[in-house]
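Reviewing the structure listed below.
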Amino acid sequence: MTDQPILVGYDGTDAAQRAVEFAAKRATAEGCAIHLVYVLEWSPYSFLSTQELEERHQRRTEELSRAEQTLKPALDTLNKQKIPVTSEVRYGHSGELICQIAEDKGACQIIVGRKGGSALGARLLGSLPLTLVQASPVPVTVVP
Amino acid sequence: MFWKKTAAASAVAMMSAILPQVAHAQEVGFDQKINEAIAPISNVIAGTMFYSVPIAGTAFPLIVGWLVVAATIFTLYFGFVQFRKFGHAISLVKGDYSHPEDAGEVSHFQALATALSGTVGLGNIAGVAVAVSIGGPGATFWMILAGLLGMASKFTECTLGVKYRNELPDGRVSGGPMYYLSKGLAEKGKPGLGKFLAILFSICCIGGAVGGGNMFQANQAFQQVVNVTGGENSFLAGSGWLFGLVMAIIVGVVIIGGIKSIAKVTEKIVPLMAIIYVTAGVIIIISNISMVGDAFAQIFVGAFTGAGVAGGVVGALIQGFKRAAFSNEAGIGSAAIAHSAVRTKEPVTEGYVALLEPFIDTVVICTMTALVITISGELNSGLTGVELTSAAFASAFTWFPLILALAVVLFAFSTMLSWSYYGLKSWTYLVGEGKGKEIIFKLFFCLCVIVGASMSLGPVIDFSDSMIFAMAIPNIIGLYFLMPVVRGEISQYWDKIERGEIKKVK
């Protein structure tokens, strides 16, 4: 049993589901824990209207509880397999945050799903797997 | 992003194809009728608000003195906070003190940006032109001075806005002068006076919202559109009501229909327009750098001699002070409504951030406009308002009036959206919340767009000035009572920083 968890980027999509399944097998084989990270994209420099300012705190609370609910089935599946699992929901830039959390938690590796968009689109617009591959402090596995 | 712009462009093209026939089918005198009906009312209101005393042979409106005296008192009381804490303000906006756990909440930057989008607009383009065309280049000096002093007023009101805001059980945040006046003065043992000032403020704010926040905007946007479509020969000339109607429908779609996409698009384009405007101004100033010294000389000489200006020094001073107050709204109380939604445990931090607002708005952008107008030599052309600014920029870039027309319409639109919100908050403070009540206000707001576009400039400016300035009376009375509260907030905040309880996170 190692105390270096596997960090999994999760957002409730099929791709994220596949990443969790893959991570579960690795975790069982290596006897390590899994840490699920749900990132809500957010920039403190984006522009909000007056109405949005007023409602921001309310919306944030809603978004957080929705994210927790999305995480729940994944947590349940992992718990059933007796894999130690923790999770967190964070606001920010997904690539930067996942790298930062990987360092903070001393993760042994990062596993994320791939949504399967076109390669050109991913290069032009950026994608989480691409960002992680370039910037991650630990090995990254991208699950197709 | 791109498709939205093309969609907007094709909508404009369609409109211009349809409009001529409609315009010619209508009586031209319609505008004049609206004008004649409203002007007497606005004259009475403006006459009362701008009660003047003769100083050195010129009429000095007491209300302007009221604002400047308040700004000076706050500046002294808080020990020139606008200069001493300028760096700290920048550091707060950058997020140096923002806790990572608060990500997803309203940041200092966002509160400032939203408040700025409500103030940066026509005041910076048209208002400045009015000031220098009446008050001469010297008005610029007094405008800058008023802007610097106004930073302290803004600091005071926005700190209080956050401190006394209402956090509703559902998580929404609502703040502004009506809350700090009623709650703050109740704490001081004057609940009756607080309630009275809060109600008075709300009434004035509704007036300010439809005046400066709406009619003035619609009016100047229309002027500029007529200008670029051919001036007097424009197919739109004399059809202000029609322009107003189209504008009113778009505003209505956003504020009544809740179509967020239009607001979103505007909010993305407005900062871009502001950047284009400032860049163009800077280019003109740099390419005429040899004349900048002369322009500043004119500004300083004009400020203290008042040469060639009706009313001399006092005339220049009044114009400068008036337009600065109208442009940055310091002491008016409006910005406190937008700023109060920020996520912070320390109200005073938002005060520091807010003091940047008059700086950006008046000291930077207004001064730039004034410099361009002075350098261009268009000052004696007899033009005023946005036409003067347009002509000044056109002397360097012939195509600029087109960009400016677009910028003016968009600035007008975003300012209207912000003010519709300020007005609505005041309205619901008075009559209570409720869908029906809110719709009544919003419909009235849209109606005023049409009225504003139809009137000639004089009555519109007078009306919008008087209503915006009226907000300052209850607001500043309250600020005087609550100054010590702000001082208390400052000292406990800096104690925490000294003890290391509040640290930079970056």
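By convention here, the chains of the structure tokens are called A, B, ... in the order presented, each chain's residues are numbered starting at 1, and ligands are numbered starting at 1 in the order presented.
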
Checklist line | Residues near Ser98 (chain B), cut-off 10 Å, only C-alpha atoms, skip fewer than 3 positions along chain, as a PyMOL selection string | finding: (chain A and resi 44) or (chain B and resi 91-95+101-103+107-108+343-344+502-506)

With N, CA and C atoms retained, export the selected residues as a CSV table (one decimal), in the first residue's frame.
```csv
chain,number,residue,atom,x,y,z
A,44,PRO,N,-11.3,34.6,-12.2
A,44,PRO,CA,-11.7,35.7,-11.4
A,44,PRO,C,-11.6,37.0,-12.2
B,91,SER,N,-3.0,45.8,-5.7
B,91,SER,CA,-2.7,44.5,-5.3
B,91,SER,C,-3.9,43.7,-4.9
B,92,LEU,N,-4.9,44.4,-4.4
B,92,LEU,CA,-6.2,43.7,-4.1
B,92,LEU,C,-6.9,43.2,-5.4
B,93,VAL,N,-6.9,44.1,-6.4
B,93,VAL,CA,-7.5,43.8,-7.7
B,93,VAL,C,-6.9,42.6,-8.4
B,94,LYS,N,-5.5,42.6,-8.3
B,94,LYS,CA,-4.8,41.5,-8.9
B,94,LYS,C,-5.1,40.2,-8.2
B,95,GLY,N,-5.7,40.2,-7.0
B,95,GLY,CA,-6.0,39.0,-6.4
B,95,GLY,C,-4.9,38.5,-5.4
B,101,GLU,N,-9.9,29.4,-1.7
B,101,GLU,CA,-11.2,28.8,-1.4
B,101,GLU,C,-12.3,29.6,-1.8
B,102,ASP,N,-12.1,30.9,-2.0
B,102,ASP,CA,-13.2,31.8,-2.5
B,102,ASP,C,-13.4,31.8,-4.0
B,103,ALA,N,-12.6,31.0,-4.7
B,103,ALA,CA,-12.7,30.9,-6.1
B,103,ALA,C,-14.1,30.6,-6.5
B,107,SER,N,-15.0,38.3,-7.5
B,107,SER,CA,-13.7,38.8,-7.1
B,107,SER,C,-13.7,40.3,-7.1
B,108,HIS,N,-12.7,40.9,-6.5
B,108,HIS,CA,-12.5,42.3,-6.5
B,108,HIS,C,-12.5,42.8,-8.0
B,343,ARG,N,-17.1,39.2,-2.8
B,343,ARG,CA,-16.9,38.3,-1.7
B,343,ARG,C,-15.7,38.7,-0.9
B,344,THR,N,-15.9,39.3,0.2
B,344,THR,CA,-14.8,39.6,1.1
B,344,THR,C,-15.2,39.7,2.5
B,502,ILE,N,-4.2,38.6,8.1
B,502,ILE,CA,-4.5,38.7,6.6
B,502,ILE,C,-3.2,38.8,5.9
B,503,LYS,N,-2.9,37.9,5.1
B,503,LYS,CA,-1.6,37.8,4.4
B,503,LYS,C,-1.9,37.8,2.9
B,504,LYS,N,-0.8,38.1,2.2
B,504,LYS,CA,-0.8,37.9,0.7
B,504,LYS,C,-0.8,36.4,0.5
B,505,VAL,N,-1.6,36.0,-0.5
B,505,VAL,CA,-1.6,34.5,-0.8
B,505,VAL,C,-0.7,34.3,-2.0
B,506,LYS,N,-0.4,35.4,-2.7
B,506,LYS,CA,0.5,35.2,-3.9
B,506,LYS,C,1.9,35.8,-3.6
```

Identify, on the basis of only C-alpha atoms, every residue whose closest approach to region 85-97 of chain A does not exceed 9 Å; exclude the query and any residue fewer than 3 positions from it along the same chain; express the result as a VMD selection string.
-> (chain A and resid 5 9 33 to 44 64 67 to 68 71 75 78 to 79 82 100 to 102 127 to 132 135 to 136) or (chain B and resid 100 to 104)

Between B:Ile262, B:Val408, B:Ala338, B:Ala248, which residue has the minimum interatomic distance to chain A, considering only C-alpha atoms?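 Checking each of B:Ile262, B:Val408, B:Ala338, B:Ala248 against chain A, counting only C-alpha atoms, the winner is B:Ala338.
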
Considering only C-alpha atoms, tabulate each residue of chain A that lies at most 6 Å from chain B along with its nearest interatomic pair and the corresponding distance in Å to one decimal; arrange the rows by chain and ascending residue number and present them as CSV.
```
residue,atom,partner,partner_atom,distance
A:Pro44,CA,B:Ser107,CA,5.6
A:Leu53,CA,B:Ala341,CA,5.7
A:Glu54,CA,B:Val173,CA,5.0
A:Glu55,CA,B:Arg172,CA,4.9
A:His57,CA,B:Gly171,CA,5.7
A:Gln58,CA,B:Gly171,CA,4.4
A:Tyr91,CA,B:Ala103,CA,5.4
```

How many Å lie between CA of Tyr164 (chain B) and CA of Ala152 (chain B), rounded to one decimal?
->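 It comes out at 18.6 Å.
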
In Å and to one decimal, CA of Ser376 (chain B) is distant from CA of Ala391 (chain B) by 8.5 Å

If you count only C-alpha atoms, which residues fall within 10 Å of Asn124 (chain B), apart from same-chain ones fewer than 3 positions away, as a ChimeraX atom specification?
/B:119-121,127-129,323-324,326-328,361-362,364-370,386,389

Go ahead and save the residues from that selection, with N, CA and C atoms, as a PDB file, in the first residue's frame.
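Once everything was written out, this is result28.pdb:
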```
ATOM      1  N   THR B 119     -20.008  53.182 -15.375  1.00  0.00           N
ATOM      2  CA  THR B 119     -19.608  54.593 -15.347  1.00  0.00           C
ATOM      3  C   THR B 119     -18.840  55.019 -16.594  1.00  0.00           C
ATOM      4  N   VAL B 120     -17.943  54.152 -17.075  1.00  0.00           N
ATOM      5  CA  VAL B 120     -17.213  54.538 -18.287  1.00  0.00           C
ATOM      6  C   VAL B 120     -18.203  54.492 -19.431  1.00  0.00           C
ATOM      7  N   GLY B 121     -18.327  55.568 -20.120  1.00  0.00           N
ATOM      8  CA  GLY B 121     -19.308  55.583 -21.195  1.00  0.00           C
ATOM      9  C   GLY B 121     -19.399  56.973 -21.757  1.00  0.00           C
ATOM     10  N   GLY B 127     -19.618  63.996 -22.251  1.00  0.00           N
ATOM     11  CA  GLY B 127     -19.599  64.902 -21.105  1.00  0.00           C
ATOM     12  C   GLY B 127     -18.374  65.800 -21.091  1.00  0.00           C
ATOM     13  N   VAL B 128     -17.221  65.204 -21.379  1.00  0.00           N
ATOM     14  CA  VAL B 128     -15.981  65.968 -21.391  1.00  0.00           C
ATOM     15  C   VAL B 128     -16.042  67.044 -22.467  1.00  0.00           C
ATOM     16  N   ALA B 129     -16.609  66.672 -23.618  1.00  0.00           N
ATOM     17  CA  ALA B 129     -16.714  67.624 -24.717  1.00  0.00           C
ATOM     18  C   ALA B 129     -17.600  68.794 -24.318  1.00  0.00           C
ATOM     19  N   ARG B 323     -18.925  67.870 -14.785  1.00  0.00           N
ATOM     20  CA  ARG B 323     -18.766  66.734 -15.694  1.00  0.00           C
ATOM     21  C   ARG B 323     -17.983  65.599 -15.041  1.00  0.00           C
ATOM     22  N   ALA B 324     -17.061  65.949 -14.126  1.00  0.00           N
ATOM     23  CA  ALA B 324     -16.341  64.885 -13.420  1.00  0.00           C
ATOM     24  C   ALA B 324     -17.319  64.092 -12.564  1.00  0.00           C
ATOM     25  N   PHE B 326     -20.501  63.819 -12.950  1.00  0.00           N
ATOM     26  CA  PHE B 326     -21.438  63.097 -13.797  1.00  0.00           C
ATOM     27  C   PHE B 326     -20.778  61.864 -14.390  1.00  0.00           C
ATOM     28  N   SER B 327     -19.490  61.969 -14.673  1.00  0.00           N
ATOM     29  CA  SER B 327     -18.793  60.861 -15.311  1.00  0.00           C
ATOM     30  C   SER B 327     -18.418  59.766 -14.313  1.00  0.00           C
ATOM     31  N   ASN B 328     -17.827  60.122 -13.153  1.00  0.00           N
ATOM     32  CA  ASN B 328     -17.379  59.049 -12.261  1.00  0.00           C
ATOM     33  C   ASN B 328     -18.356  58.742 -11.135  1.00  0.00           C
ATOM     34  N   ASP B 361     -11.663  56.309 -14.689  1.00  0.00           N
ATOM     35  CA  ASP B 361     -12.708  56.992 -15.437  1.00  0.00           C
ATOM     36  C   ASP B 361     -12.362  58.445 -15.744  1.00  0.00           C
ATOM     37  N   THR B 362     -12.020  59.196 -14.693  1.00  0.00           N
ATOM     38  CA  THR B 362     -11.852  60.636 -14.877  1.00  0.00           C
ATOM     39  C   THR B 362     -10.409  61.020 -15.154  1.00  0.00           C
ATOM     40  N   VAL B 364      -7.793  59.269 -16.034  1.00  0.00           N
ATOM     41  CA  VAL B 364      -7.178  58.730 -17.251  1.00  0.00           C
ATOM     42  C   VAL B 364      -8.022  59.001 -18.506  1.00  0.00           C
ATOM     43  N   ILE B 365      -9.241  58.451 -18.548  1.00  0.00           N
ATOM     44  CA  ILE B 365      -9.989  58.487 -19.816  1.00  0.00           C
ATOM     45  C   ILE B 365     -10.515  59.885 -20.157  1.00  0.00           C
ATOM     46  N   CYS B 366     -11.088  60.575 -19.158  1.00  0.00           N
ATOM     47  CA  CYS B 366     -11.607  61.912 -19.450  1.00  0.00           C
ATOM     48  C   CYS B 366     -10.486  62.866 -19.852  1.00  0.00           C
ATOM     49  N   THR B 367      -9.349  62.782 -19.167  1.00  0.00           N
ATOM     50  CA  THR B 367      -8.236  63.661 -19.492  1.00  0.00           C
ATOM     51  C   THR B 367      -7.770  63.418 -20.920  1.00  0.00           C
ATOM     52  N   MET B 368      -7.765  62.135 -21.298  1.00  0.00           N
ATOM     53  CA  MET B 368      -7.344  61.804 -22.658  1.00  0.00           C
ATOM     54  C   MET B 368      -8.276  62.444 -23.691  1.00  0.00           C
ATOM     55  N   THR B 369      -9.572  62.313 -23.464  1.00  0.00           N
ATOM     56  CA  THR B 369     -10.534  62.939 -24.382  1.00  0.00           C
ATOM     57  C   THR B 369     -10.291  64.447 -24.468  1.00  0.00           C
ATOM     58  N   ALA B 370     -10.126  65.068 -23.291  1.00  0.00           N
ATOM     59  CA  ALA B 370      -9.930  66.510 -23.261  1.00  0.00           C
ATOM     60  C   ALA B 370      -8.670  66.909 -24.018  1.00  0.00           C
ATOM     61  N   VAL B 386     -20.999  64.852 -28.084  1.00  0.00           N
ATOM     62  CA  VAL B 386     -20.281  63.777 -28.756  1.00  0.00           C
ATOM     63  C   VAL B 386     -19.820  64.199 -30.156  1.00  0.00           C
ATOM     64  N   THR B 389     -16.275  65.589 -29.830  1.00  0.00           N
ATOM     65  CA  THR B 389     -15.289  64.514 -29.669  1.00  0.00           C
ATOM     66  C   THR B 389     -15.065  63.810 -30.996  1.00  0.00           C
TER      67      THR B 389
END
```

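When DSSP is run on the backbone, the residues of region 34-138 of chain A that fall into strand (DSSP E) are Ile34, His35, Leu36, Val37, Tyr38, Val39, Leu40, Glu41, Val85, Thr86, Ser87, Glu88, Val89, Arg90, Tyr91, Gly92, Gln109, Ile110, Ile111, Val112 and Gly113 of chain A.
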
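Residues surrounding region 470-482 of chain B within 6 Å are Leu181, Leu197, Phe201, Cys204, Cys205, Gly331, Ile332, Ser466, Met467, Ile468, Pro484 and Val485 of chain B [only C-alpha atoms; sequence separation below 2 positions excluded].
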
Based on DSSP run over this structure's backbone, return all residues of region 54-91 of chain B in alpha helix (DSSP H), as an NGL selection string.
-> :B and (62-77 or 81-84 or 86-91)

Using C-alpha atoms, can you write the selected residues to a file as a short mmCIF file (atom, residue, chain, number, x, y, z; two decimals), in the first residue's frame?
```cif
data_model
loop_
_atom_site.label_atom_id
_atom_site.label_comp_id
_atom_site.auth_asym_id
_atom_site.auth_seq_id
_atom_site.Cartn_x
_atom_site.Cartn_y
_atom_site.Cartn_z
CA LEU B 62 -24.66 74.75 -4.70
CA ILE B 63 -24.94 71.06 -5.53
CA VAL B 64 -21.55 71.06 -7.23
CA GLY B 65 -20.04 72.62 -4.14
CA TRP B 66 -21.81 69.98 -2.04
CA LEU B 67 -20.01 67.19 -3.91
CA VAL B 68 -16.59 68.81 -3.95
CA VAL B 69 -16.72 69.83 -0.30
CA ALA B 70 -17.70 66.25 0.62
CA ALA B 71 -14.89 64.78 -1.49
CA THR B 72 -12.43 67.17 0.15
CA ILE B 73 -13.64 66.31 3.65
CA PHE B 74 -13.35 62.56 2.96
CA THR B 75 -9.89 63.09 1.49
CA LEU B 76 -8.71 64.89 4.63
CA TYR B 77 -10.57 62.66 7.10
CA VAL B 81 -6.31 57.46 1.27
CA GLN B 82 -6.46 57.70 -2.56
CA PHE B 83 -2.73 58.29 -2.76
CA ARG B 84 -1.47 56.32 0.23
CA PHE B 86 -3.29 53.22 -4.35
CA GLY B 87 -0.73 50.41 -4.48
CA HIS B 88 -2.70 48.32 -2.03
CA ALA B 89 -5.79 48.76 -4.23
CA ILE B 90 -3.92 47.44 -7.27
CA SER B 91 -2.67 44.49 -5.26
#
```

**OP:** Extract, using only C-alpha atoms, all DNA, RNA and protein residues at most 10 Å from region 492-500 of chain B, discarding same-chain residues fewer than 6 positions from it, and format them as number ranges by chain.
**Re:** B: 345-349
